[in-house]
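Here is the file model.cif (mmCIF, C-alpha atoms).
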data_protein
loop_
_atom_site.label_atom_id
_atom_site.label_comp_id
_atom_site.auth_asym_id
_atom_site.auth_seq_id
_atom_site.Cartn_x
_atom_site.Cartn_y
_atom_site.Cartn_z
CA MET A 21 20.05 -22.21 7.53
CA ILE A 22 18.01 -19.96 9.82
CA LEU A 23 19.90 -18.46 12.75
CA ILE A 24 18.02 -18.07 16.06
CA VAL A 25 19.57 -15.67 18.59
CA ASP A 26 17.95 -15.65 22.07
CA ASP A 27 19.26 -16.01 25.62
CA ASP A 28 16.12 -17.91 26.71
CA ALA A 29 16.65 -21.66 26.30
CA SER A 30 12.91 -22.41 26.15
CA ILE A 31 12.43 -19.94 23.27
CA ARG A 32 15.39 -21.40 21.38
CA SER A 33 13.93 -24.90 21.84
CA SER A 34 10.42 -23.85 20.77
CA LEU A 35 11.64 -22.06 17.66
CA THR A 36 14.01 -24.89 16.73
CA PHE A 37 11.18 -27.43 16.97
CA LEU A 38 8.78 -25.21 15.00
CA LEU A 39 11.23 -24.58 12.18
CA LYS A 40 12.30 -28.22 11.90
CA ARG A 41 8.66 -29.30 11.63
CA ALA A 42 8.26 -26.77 8.83
CA GLY A 43 11.15 -28.36 6.93
CA MET A 44 13.67 -25.63 7.72
CA GLU A 45 17.21 -25.90 9.07
CA PRO A 46 17.57 -23.90 12.32
CA LEU A 47 20.72 -23.08 14.25
CA ALA A 48 20.20 -21.60 17.74
CA VAL A 49 22.73 -19.56 19.74
CA SER A 50 22.32 -17.79 23.06
CA SER A 51 24.41 -14.61 22.80
CA PRO A 52 25.43 -11.82 20.42
CA LYS A 53 29.03 -13.08 20.55
CA GLU A 54 28.01 -16.51 19.27
CA ALA A 55 25.80 -14.92 16.59
CA ILE A 56 28.69 -12.82 15.27
CA GLY A 57 30.84 -15.96 15.20
CA VAL A 58 28.28 -17.65 12.95
CA VAL A 59 27.80 -14.76 10.50
CA ARG A 60 31.57 -14.26 10.20
CA SER A 61 31.91 -17.71 8.65
CA ASP A 62 28.51 -18.40 7.11
CA GLU A 63 25.55 -16.51 5.60
CA PRO A 64 22.17 -17.63 6.96
CA GLN A 65 18.99 -17.41 4.88
CA LEU A 66 17.39 -15.44 7.72
CA ILE A 67 18.05 -14.40 11.33
CA LEU A 68 15.51 -14.45 14.17
CA MET A 69 16.90 -12.11 16.80
CA ASP A 70 15.87 -11.17 20.33
CA MET A 71 16.26 -7.55 21.47
CA ASN A 72 17.64 -8.12 25.01
CA TYR A 73 20.42 -10.38 26.33
CA SER A 74 20.95 -9.19 29.91
CA LEU A 75 18.90 -7.94 32.86
CA THR A 76 18.32 -4.61 31.11
CA THR A 77 15.32 -4.19 28.82
CA SER A 78 16.49 -1.18 26.84
CA GLY A 79 16.87 -3.15 23.62
CA ASP A 80 20.21 -1.48 22.93
CA GLU A 81 21.97 -4.85 22.69
CA GLY A 82 19.59 -5.95 19.96
CA ILE A 83 20.06 -2.75 17.94
CA VAL A 84 23.86 -3.03 18.22
CA LEU A 85 23.78 -6.70 17.19
CA LEU A 86 21.51 -5.89 14.24
CA LYS A 87 23.96 -3.28 12.97
CA GLN A 88 26.90 -5.67 13.42
CA VAL A 89 25.11 -8.48 11.57
CA LYS A 90 24.28 -6.13 8.69
CA VAL A 91 28.01 -5.42 8.26
CA PHE A 92 28.75 -9.12 7.64
CA CYS A 93 25.45 -10.09 5.92
CA PRO A 94 23.85 -6.95 4.48
CA ARG A 95 21.36 -8.89 2.31
CA VAL A 96 20.16 -11.34 4.97
CA PRO A 97 16.68 -10.50 6.32
CA VAL A 98 16.47 -10.07 10.09
CA ILE A 99 13.23 -10.54 12.05
CA LEU A 100 13.26 -9.03 15.53
CA MET A 101 11.50 -10.66 18.48
CA THR A 102 10.04 -8.32 21.06
CA ALA A 103 7.27 -7.83 23.60
CA TRP A 104 4.40 -5.40 23.16
CA GLY A 105 6.01 -3.08 25.68
CA SER A 106 9.01 -2.57 23.40
CA ILE A 107 7.29 -2.09 20.05
CA GLN A 108 9.05 1.28 19.70
CA LEU A 109 12.39 -0.54 19.92
CA ALA A 110 11.31 -2.81 17.09
CA VAL A 111 10.40 0.23 15.00
CA GLU A 112 13.89 1.60 15.68
CA GLY A 113 15.26 -1.75 14.57
CA MET A 114 13.37 -1.57 11.29
CA ARG A 115 14.88 1.85 10.71
CA ALA A 116 18.27 0.17 11.20
CA GLY A 117 17.49 -2.42 8.52
CA ALA A 118 15.37 -5.19 10.08
CA PHE A 119 12.87 -6.87 7.76
CA ASP A 120 10.03 -7.17 10.29
CA PHE A 121 9.28 -7.81 13.95
CA ILE A 122 7.14 -10.30 15.85
CA THR A 123 5.78 -10.08 19.37
CA LYS A 124 6.09 -12.67 22.10
CA PRO A 125 4.22 -14.93 22.48
CA TRP A 126 4.05 -15.36 18.73
CA ASN A 127 1.50 -16.92 16.41
CA ASN A 128 3.20 -19.94 14.78
CA ILE A 129 1.37 -19.64 11.45
CA LEU A 130 2.02 -15.91 11.24
CA LEU A 131 5.69 -16.35 12.13
CA LEU A 132 6.21 -19.06 9.50
CA ASN A 133 4.44 -16.92 6.89
CA THR A 134 6.68 -13.96 7.75
CA ILE A 135 9.81 -16.13 7.51
CA ARG A 136 8.79 -17.58 4.14
CA THR A 137 7.94 -14.11 2.84
CA ALA A 138 11.30 -12.70 3.93
CA ILE A 139 13.20 -15.58 2.32
CA ALA A 140 11.16 -15.36 -0.90
CA LEU A 141 11.75 -11.62 -1.24
CA GLY A 142 15.44 -12.03 -0.50
CA ASP A 143 15.87 -14.87 -2.99
CA LYS A 144 17.77 -13.45 -5.94
CA ALA A 145 16.45 -16.21 -8.18
CA GLY A 146 12.97 -14.91 -7.49
CA ILE A 147 13.70 -11.71 -9.37
CA GLU A 148 13.33 -13.48 -12.72
CA VAL A 149 9.80 -12.93 -13.97
CA GLU A 150 8.12 -16.23 -14.82
CA SER A 151 5.74 -16.72 -17.70
CA PRO A 152 2.46 -15.11 -16.69
CA SER A 153 -0.29 -17.40 -15.45
CA ASP A 154 -3.92 -17.14 -16.51
CA GLY A 155 -4.61 -15.15 -13.34
CA GLU A 156 -1.81 -12.71 -14.17
CA ASP A 157 -3.11 -12.28 -17.72
CA THR A 158 -6.51 -11.35 -16.31
CA ALA A 159 -5.03 -9.00 -13.72
CA PHE A 160 -2.68 -7.12 -16.01
CA LYS A 161 -5.20 -6.72 -18.83
CA LYS A 162 -6.76 -4.05 -16.64
CA ILE A 163 -3.50 -2.11 -16.35
CA ILE A 164 -3.21 0.02 -19.48
CA GLY A 165 0.16 1.50 -20.34
CA GLN A 166 3.55 0.87 -21.92
CA SER A 167 5.61 3.48 -20.02
CA LYS A 168 8.68 2.29 -18.13
CA VAL A 169 7.17 3.19 -14.77
CA ILE A 170 4.09 1.05 -15.44
CA LYS A 171 6.24 -1.88 -16.60
CA ASP A 172 8.31 -1.56 -13.41
CA ILE A 173 5.17 -1.58 -11.27
CA ILE A 174 3.87 -4.71 -13.02
CA GLU A 175 7.23 -6.42 -12.43
CA THR A 176 7.06 -5.49 -8.73
CA VAL A 177 3.50 -6.85 -8.47
CA ARG A 178 4.54 -10.12 -10.10
CA ARG A 179 7.48 -10.48 -7.75
CA VAL A 180 5.70 -9.79 -4.47
CA ALA A 181 2.21 -11.14 -5.24
CA LYS A 182 2.98 -14.75 -4.33
CA THR A 183 4.38 -13.79 -0.94
CA ASN A 184 2.37 -12.71 2.10
CA ALA A 185 4.19 -9.38 2.39
CA SER A 186 2.05 -6.38 3.30
CA VAL A 187 1.94 -3.78 0.52
CA LEU A 188 1.35 -0.03 0.77
CA ILE A 189 0.20 1.62 -2.47
CA THR A 190 0.55 5.40 -2.56
CA GLY A 191 -0.35 7.98 -5.15
CA GLU A 192 -2.74 10.79 -5.94
CA SER A 193 -6.47 10.18 -6.23
CA GLY A 194 -7.45 8.61 -9.53
CA THR A 195 -4.11 6.91 -10.26
CA GLY A 196 -5.51 3.36 -9.95
CA LYS A 197 -4.49 2.19 -6.47
CA GLU A 198 -7.46 -0.16 -6.14
CA LEU A 199 -6.65 -1.70 -9.53
CA ILE A 200 -3.09 -2.48 -8.43
CA ALA A 201 -4.37 -3.96 -5.15
CA GLU A 202 -6.74 -6.23 -7.07
CA SER A 203 -3.91 -7.25 -9.41
CA ILE A 204 -1.79 -8.28 -6.43
CA HIS A 205 -4.63 -10.47 -5.20
CA LEU A 206 -5.32 -12.05 -8.61
CA CYS A 207 -1.63 -12.91 -9.05
CA SER A 208 -1.29 -14.35 -5.55
CA LEU A 209 -1.80 -17.85 -4.18
CA ARG A 210 -4.96 -16.46 -2.53
CA ALA A 211 -6.65 -15.61 -5.84
CA ALA A 212 -9.43 -18.18 -5.31
CA SER A 213 -10.29 -16.67 -1.91
CA PRO A 214 -12.09 -13.37 -1.18
CA PHE A 215 -10.75 -9.92 -2.05
CA VAL A 216 -12.43 -7.61 0.46
CA LYS A 217 -12.28 -3.83 -0.07
CA VAL A 218 -12.66 -1.47 2.88
CA ASN A 219 -12.81 2.32 2.53
CA LEU A 220 -11.48 3.34 5.94
CA GLY A 221 -12.25 6.99 5.21
CA GLY A 222 -15.94 6.12 5.17
CA ILE A 223 -16.06 4.28 8.53
CA SER A 224 -16.76 6.34 11.64
CA GLN A 225 -14.76 5.78 14.83
CA SER A 226 -17.84 4.47 16.66
CA LEU A 227 -18.55 1.80 14.02
CA PHE A 228 -14.94 0.77 13.33
CA GLU A 229 -14.86 -2.38 15.49
CA SER A 230 -18.27 -3.55 14.32
CA GLU A 231 -17.39 -3.04 10.65
CA MET A 232 -13.92 -4.59 10.85
CA PHE A 233 -14.34 -7.34 13.45
CA GLY A 234 -18.10 -7.93 13.53
CA HIS A 235 -20.54 -8.04 16.44
CA LYS A 236 -22.93 -10.39 18.22
CA LYS A 237 -26.63 -9.75 18.55
CA GLY A 238 -27.25 -7.43 21.52
CA ALA A 239 -23.61 -6.23 21.76
CA PHE A 240 -24.84 -2.62 21.63
CA THR A 241 -27.98 -0.62 20.87
CA ASP A 242 -29.37 -1.45 17.42
CA ALA A 243 -27.34 -4.69 17.19
CA TYR A 244 -30.41 -6.72 16.27
CA SER A 245 -28.51 -9.59 14.68
CA ASP A 246 -25.01 -11.03 14.36
CA ARG A 247 -22.72 -9.28 11.89
CA GLN A 248 -19.63 -10.70 10.22
CA GLY A 249 -16.71 -8.28 10.11
CA ARG A 250 -14.51 -7.50 7.13
CA PHE A 251 -11.55 -9.47 8.49
CA SER A 252 -13.69 -12.60 8.82
CA LEU A 253 -14.98 -12.12 5.27
CA ALA A 254 -11.39 -11.85 4.00
CA ASP A 255 -10.14 -15.00 5.77
CA LYS A 256 -7.68 -16.93 3.55
CA GLY A 257 -7.82 -14.04 1.07
CA THR A 258 -6.75 -10.40 0.81
CA ILE A 259 -8.10 -7.36 2.62
CA PHE A 260 -7.64 -4.01 0.88
CA LEU A 261 -7.51 -1.11 3.36
CA ASP A 262 -8.15 1.94 1.20
CA GLU A 263 -7.64 5.52 2.50
CA ILE A 264 -5.72 4.21 5.52
CA GLY A 265 -4.30 7.70 6.07
CA ASP A 266 -7.79 8.87 7.10
CA LEU A 267 -7.99 6.43 10.03
CA ASP A 268 -8.41 7.91 13.51
CA LEU A 269 -5.53 7.33 15.96
CA SER A 270 -7.67 5.26 18.34
CA CYS A 271 -8.70 3.01 15.45
CA GLN A 272 -5.09 2.72 14.33
CA VAL A 273 -4.25 0.98 17.62
CA LYS A 274 -7.06 -1.55 17.11
CA LEU A 275 -5.99 -2.20 13.54
CA LEU A 276 -2.34 -2.65 14.55
CA ARG A 277 -3.34 -5.39 16.99
CA VAL A 278 -5.02 -7.53 14.35
CA LEU A 279 -2.28 -6.93 11.78
CA GLN A 280 0.36 -7.90 14.32
CA ASP A 281 -1.21 -11.10 15.69
CA GLN A 282 -3.91 -11.83 13.08
CA THR A 283 -6.33 -12.28 15.97
CA PHE A 284 -9.33 -10.17 17.01
CA GLU A 285 -12.41 -10.17 19.21
CA VAL A 286 -15.94 -9.87 17.87
CA LEU A 287 -17.91 -7.21 19.79
CA GLY A 288 -20.00 -8.96 22.43
CA GLU A 289 -17.76 -12.04 22.43
CA SER A 290 -14.84 -12.60 24.78
CA LYS A 291 -12.82 -15.22 22.88
CA GLN A 292 -10.04 -14.46 20.43
CA ARG A 293 -10.57 -15.43 16.79
CA LYS A 294 -7.74 -16.18 14.37
CA VAL A 295 -7.71 -14.98 10.80
CA ASP A 296 -5.35 -15.55 7.86
CA VAL A 297 -5.32 -12.49 5.59
CA ARG A 298 -2.93 -10.73 3.26
CA VAL A 299 -3.00 -6.96 3.87
CA VAL A 300 -2.77 -4.40 1.07
CA SER A 301 -3.24 -0.74 2.02
CA ALA A 302 -3.52 2.47 0.01
CA THR A 303 -3.55 6.21 0.60
CA ASN A 304 -3.20 9.49 -1.27
CA ARG A 305 -1.72 11.10 1.85
CA ASP A 306 1.92 11.49 2.89
CA LEU A 307 2.16 8.99 5.76
CA GLY A 308 5.81 9.87 6.43
CA THR A 309 4.81 13.46 7.17
CA MET A 310 1.86 12.25 9.25
CA VAL A 311 4.20 10.06 11.33
CA ALA A 312 6.42 13.10 11.96
CA GLU A 313 3.33 15.11 12.95
CA ARG A 314 2.17 12.24 15.21
CA THR A 315 -1.14 11.86 13.40
CA PHE A 316 -0.23 8.37 12.15
CA ARG A 317 1.37 5.68 14.30
CA GLU A 318 4.94 4.88 13.33
CA ASP A 319 4.63 1.21 14.30
CA LEU A 320 1.54 0.83 12.11
CA PHE A 321 3.35 2.59 9.26
CA TYR A 322 6.18 0.05 9.37
CA ARG A 323 3.71 -2.82 9.67
CA ILE A 324 1.82 -1.92 6.46
CA ASN A 325 4.79 -0.53 4.49
CA LEU A 326 6.84 -3.68 3.97
CA ILE A 327 6.56 -3.36 0.18
CA PRO A 328 5.88 0.22 -1.02
CA ILE A 329 4.44 0.83 -4.50
CA GLN A 330 4.26 4.46 -5.65
CA LEU A 331 1.85 5.16 -8.51
CA PRO A 332 2.80 8.16 -10.65
CA PRO A 333 0.27 10.83 -11.65
CA LEU A 334 -0.91 10.61 -15.25
CA ARG A 335 0.94 13.82 -16.19
CA GLU A 336 4.22 11.99 -15.42
CA ARG A 337 3.43 9.16 -17.85
CA ARG A 338 1.77 11.07 -20.65
CA GLU A 339 2.94 8.53 -23.24
CA ASP A 340 0.20 6.24 -21.86
CA ILE A 341 -2.61 8.75 -22.53
CA PRO A 342 -3.34 7.59 -26.13
CA LEU A 343 -3.64 3.95 -25.05
CA LEU A 344 -5.84 4.81 -22.08
CA ALA A 345 -8.10 7.13 -24.08
CA GLN A 346 -8.67 4.56 -26.82
CA HIS A 347 -9.26 1.84 -24.22
CA PHE A 348 -11.95 3.89 -22.48
CA ALA A 349 -13.56 4.80 -25.80
CA GLN A 350 -13.79 1.19 -26.99
CA GLN A 351 -14.87 0.01 -23.56
CA SER A 352 -17.90 2.31 -23.71
CA LYS A 353 -18.79 1.79 -27.39
CA ALA A 354 -17.26 -0.46 -30.01
CA ASN A 355 -15.91 0.99 -33.27
CA THR A 356 -15.15 4.37 -31.68
CA ALA A 357 -11.84 5.98 -32.62
CA ILE A 358 -9.95 9.08 -31.52
CA ALA A 359 -8.44 11.35 -34.17
CA GLN A 360 -4.74 12.28 -34.00
CA ASP A 361 -5.47 15.98 -33.35
CA ALA A 362 -7.57 14.89 -30.34
CA VAL A 363 -4.72 12.69 -29.08
CA ASP A 364 -2.32 15.63 -29.37
CA TYR A 365 -4.77 17.78 -27.42
CA LEU A 366 -5.22 15.19 -24.65
CA MET A 367 -1.46 14.78 -24.32
CA LYS A 368 -1.15 18.45 -23.30
CA LEU A 369 -3.82 18.52 -20.58
CA PRO A 370 -2.71 18.50 -16.93
CA PHE A 371 -5.19 15.83 -15.71
CA THR A 372 -5.00 16.72 -12.03
CA GLY A 373 -7.64 14.03 -11.51
CA ASN A 374 -5.35 11.50 -13.24
CA VAL A 375 -6.68 8.39 -15.02
CA ARG A 376 -10.13 8.82 -13.48
CA GLU A 377 -10.42 12.33 -14.97
CA LEU A 378 -9.33 11.08 -18.41
CA LYS A 379 -11.89 8.27 -18.27
CA ASN A 380 -14.69 10.68 -17.34
CA LEU A 381 -13.67 13.11 -20.09
CA VAL A 382 -13.65 10.38 -22.76
CA GLU A 383 -17.01 8.97 -21.67
CA ARG A 384 -18.63 12.41 -21.45
CA THR A 385 -17.31 13.40 -24.88
CA MET A 386 -18.63 10.20 -26.45
CA ILE A 387 -22.09 10.66 -24.95
CA VAL A 388 -22.41 14.34 -25.87
CA SER A 389 -20.92 14.14 -29.38
CA GLY A 390 -22.47 10.83 -30.43
CA LYS A 391 -19.69 10.40 -33.02
CA HIS A 392 -17.65 7.34 -34.00
CA LEU A 393 -14.57 9.49 -34.64
CA LEU A 394 -13.81 11.93 -31.81
CA GLY A 395 -11.86 15.04 -32.79
CA ARG A 396 -10.01 17.74 -30.88
CA GLU A 397 -12.99 20.10 -30.90
CA ASP A 398 -15.16 17.45 -29.24
CA PHE A 399 -12.77 16.96 -26.33
CA GLU A 400 -11.96 20.67 -26.05
CA ALA A 401 -15.63 21.59 -25.75
CA GLN A 402 -16.21 19.12 -22.92
CA TYR A 403 -12.96 19.96 -21.12
CA ILE A 404 -13.89 23.65 -21.09
CA ALA A 405 -17.46 22.83 -20.03
CA ILE A 406 -16.12 20.92 -17.02
CA ASN A 407 -13.20 23.14 -16.04
CA GLY A 408 -14.26 26.61 -17.19
CA PRO A 409 -13.18 28.88 -20.05
CA SER A 410 -9.87 29.77 -18.42
CA SER A 411 -8.75 26.13 -18.50
CA ALA A 412 -7.80 26.14 -22.17
CA SER A 413 -7.90 28.41 -25.19
CA ARG A 414 -10.19 27.70 -28.13
CA HIS A 415 -7.18 28.30 -30.39
CA GLY A 416 -4.61 26.24 -28.54
CA VAL A 417 -3.67 24.71 -25.24
CA SER A 418 -1.43 26.45 -22.75
CA THR A 419 1.66 24.70 -21.49
CA LEU A 420 1.17 21.91 -18.99
CA GLU A 421 2.54 24.11 -16.21
CA ASP A 422 0.23 27.01 -17.13
CA LEU A 423 -2.84 24.79 -17.04
CA GLU A 424 -1.86 23.22 -13.74
CA ARG A 425 -1.21 26.64 -12.18
CA GLU A 426 -4.60 27.93 -13.40
CA LYS A 427 -6.35 24.89 -11.96
CA VAL A 428 -4.64 25.25 -8.57
CA VAL A 429 -5.52 28.96 -8.36
CA GLU A 430 -9.11 28.28 -9.46
CA VAL A 431 -9.70 25.60 -6.81
CA LEU A 432 -8.01 27.62 -4.05
CA GLU A 433 -10.24 30.60 -4.87
CA LYS A 434 -13.29 28.34 -4.92
CA HIS A 435 -12.54 27.19 -1.35
CA GLY A 436 -11.57 30.62 -0.06
CA GLY A 437 -7.92 29.69 0.37
CA ASN A 438 -8.66 26.58 2.47
CA VAL A 439 -5.69 24.40 1.53
CA SER A 440 -7.12 21.16 2.98
CA ARG A 441 -10.35 21.42 0.97
CA ALA A 442 -8.54 22.49 -2.17
CA ALA A 443 -6.09 19.58 -1.84
CA GLY A 444 -9.01 17.19 -1.41
CA GLU A 445 -10.71 18.37 -4.61
CA LEU A 446 -7.45 18.23 -6.55
CA GLY A 447 -6.68 14.76 -5.25
CA LEU A 448 -3.44 15.91 -3.63
CA SER A 449 -2.03 15.77 -0.12
CA ARG A 450 -1.62 19.10 1.68
CA ALA A 451 2.16 18.77 1.32
CA ALA A 452 1.88 18.16 -2.44
CA LEU A 453 -0.39 21.19 -2.88
CA TYR A 454 1.99 23.41 -0.89
CA ARG A 455 4.84 22.25 -3.16
CA ARG A 456 2.87 23.28 -6.24
CA MET A 457 1.98 26.63 -4.69
CA GLU A 458 5.66 27.26 -4.03
CA LYS A 459 6.61 26.09 -7.53
CA TYR A 460 4.16 28.47 -9.23
CA GLY A 461 4.65 31.36 -6.81
CA ILE A 462 1.07 31.16 -5.52
CA ASN A 463 0.60 32.93 -2.20
CA GLU A 464 -2.04 31.70 0.24
CA ILE A 465 -5.39 33.19 -0.75
#

Conversion result in structure tokens:
Amino acid sequence: MILIVDDDASIRSSLTFLLKRAGMEPLAVSSPKEAIGVVRSDEPQLILMDMNYSLTTSGDEGIVLLKQVKVFCPRVPVILMTAWGSIQLAVEGMRAGAFDFITKPWNNILLLNTIRTAIALGDKAGIEVESPSDGEDTAFKKIIGQSKVIKDIIETVRRVAKTNASVLITGESGTGKELIAESIHLCSLRAASPFVKVNLGGISQSLFESEMFGHKKGAFTDAYSDRQGRFSLADKGTIFLDEIGDLDLSCQVKLLRVLQDQTFEVLGESKQRKVDVRVVSATNRDLGTMVAERTFREDLFYRINLIPIQLPPLRERREDIPLLAQHFAQQSKANTAIAQDAVDYLMKLPFTGNVRELKNLVERTMIVSGKHLLGREDFEAQYIAINGPSSASRHGVSTLEDLEREKVVEVLEKHGGNVSRAAGELGLSRAALYRRMEKYGINEI
């Protein structure tokens, strides 16, 4: 049963009709009092809840009702219904435990998708991992590792992939965020449709609308022909919004609109176009801190962060290094092996560039040495050549912490103490770099 709570009779009727046509069982009530009466005696699958029930438009009634409902039915997903003017209230509601929010007037397809997603994620039976499909086998073959954290991430991907829930993948540069995004797509019901990657950090503010939504010939200077935008290309599939933390605030507003309603306007065209896409985003930045600093919109953050997946740095899953190193070696040249002393050496390196740095080191060592069996001295020579003599001793490797501290100091000195540039080269957020500086007693240079 899906509980509808709204004081507007026409909205209750519309939603009841929509849900019945979709094969669902709706129950509509007009007041918070009636809603509490229902949840006291029964547990709905989901609740659709308005934010206002009197002449006031503060939304306080909706927040209070949400908190009361969560007392009786803490596991039941709640979707808030609001107008664009009260988006901030909906964000407050999500802080209080709401699953998502929709704006009035709503998009029927988008609303039904959101309802099905919420029910699927809340279904306890859905936690059991089914036998992997052919698509899952293909997707997870690319994810190398046997550590608990990697197994947990794969389980999360399997669970959420077949829903339409938006996913935010976070982690340092080089940890494999794009690979996880592609795995989500390959395991989803959209696997036969396009997977469109967009590096938002590489799109200027002036070209954002053209790149994302497309344009008509003559829409602006140099628009010599029609252009299809990334959202159109991703229709029925998945769009991967990489480096979303680098997006300008003005562009964030435009992106929020299309994520909210799944409609957009092509530049030079006045009509609205509908699109059906699954959104997966990624960033190496701390969006929570950016929200607090008002450099990232809070409503957009909640919109993309329905399912968070945090990828650990390689130094926090060092037991996977031998598997990864051998995988990269055999991927580049068959019949190539890595000696045990080389494995021991690799296990002690800090790998601030994560899996990407390990891959580059293995490939470089193979090319330079030309051997079929790679030893410690081969890797050590190339690691020192890349990172400098201070990075490791010819007679042994410093502790992991010593190497990481040396690397941080080296990069800070290289950039004259500019923390932003140093963080960028290290693949860290500013906040993460400051934490390491504090940990190792490094003063600003």

To one decimal place in Å, what is the distance between CA of Leu326 in chain A and CA of Asp120 in chain A?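 These two atoms are separated by 7.9 Å.
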
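For the pair CA of Gly308 in chain A and CA of Phe321 in chain A, the separation is 8.2 Å.
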
With a distance cut-off of 10 Å and only C-alpha atoms, select the neighbouring residues of Leu66 in chain A, excluding the residue or stretch itself and same-chain residues fewer than 3 positions from it, and output the selection as a PyMOL selection string. chain A and resi 21-24+46+63+69+93+95-99+119+135-136+138-139+142

Answer as a VMD selection string, residues within 12 Å of (-24.4, -3.8, 14.5) using all atoms listed in the file: chain A and resid 226 to 249 286 to 288

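Neighbours of Leu269 in chain A closer than or equal to 8 Å, with all atoms listed in the file counted and sequence neighbours fewer than 6 positions away skipped, come out as Thr315, Phe316 and Arg317 of chain A.
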
Going by the chain IDs and residue numbers used in this file, which residues fall under the PyMOL selection byres ((chain A and resi 442) around 12)? Write them as a PyMOL selection string. chain A and resi 372+427-441+443-454+457+464-465

Atom pair CA of Ala42 in chain A / CA of Leu132 in chain A: separation (Å): 8.0 Å

Evaluate the PyMOL selection byres ((chain A and resi 277-280) around 8) on the structure here and hand back the selected residues as a list in words.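 On the file shown, the PyMOL selection byres ((chain A and resi 277-280) around 8) covers Ile122, Thr123, Val273, Lys274, Leu275, Leu276, Asp281, Gln282, Thr283, Phe284, Val299 and Arg323 of chain A.
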
Need the shell around Asp361 in chain A: protein/DNA/RNA residues with any atom at most 10 Å away, counting only C-alpha atoms. Skip same-chain ones fewer than 6 positions apart. Format as a PyMOL selection string? chain A and resi 367+394-397

Go ahead and write the residues just picked, C-alpha atoms, as a PDB file, keeping the file's coordinate frame.
ATOM      1  CA  MET A 367      -1.460  14.780 -24.320  1.00  0.00           C
ATOM      2  CA  LEU A 394     -13.810  11.930 -31.810  1.00  0.00           C
ATOM      3  CA  GLY A 395     -11.860  15.040 -32.790  1.00  0.00           C
ATOM      4  CA  ARG A 396     -10.010  17.740 -30.880  1.00  0.00           C
ATOM      5  CA  GLU A 397     -12.990  20.100 -30.900  1.00  0.00           C
TER       6      GLU A 397
END

Near Ile324 in chain A, counting all atoms listed in the file, which residues have an atom at most 8 Å away, once you skip same-chain residues fewer than 4 positions from it, shown as JSON, numbers by chain? {"A": [186, 187, 188, 299, 300, 301, 320]}

Under the PyMOL selection byres ((chain A and resi 373) around 10), which residues of this model are included? Write them out as a VMD selection string. chain A and resid 192 to 195 333 to 335 370 to 372 374 to 380 445 to 448

For a cut-off of 12 Å around (-11.6, 9.7, -35.3), file coordinates, pick out all residues using all atoms listed in the file and list them as a VMD selection string. chain A and resid 346 349 355 to 363 386 389 to 399
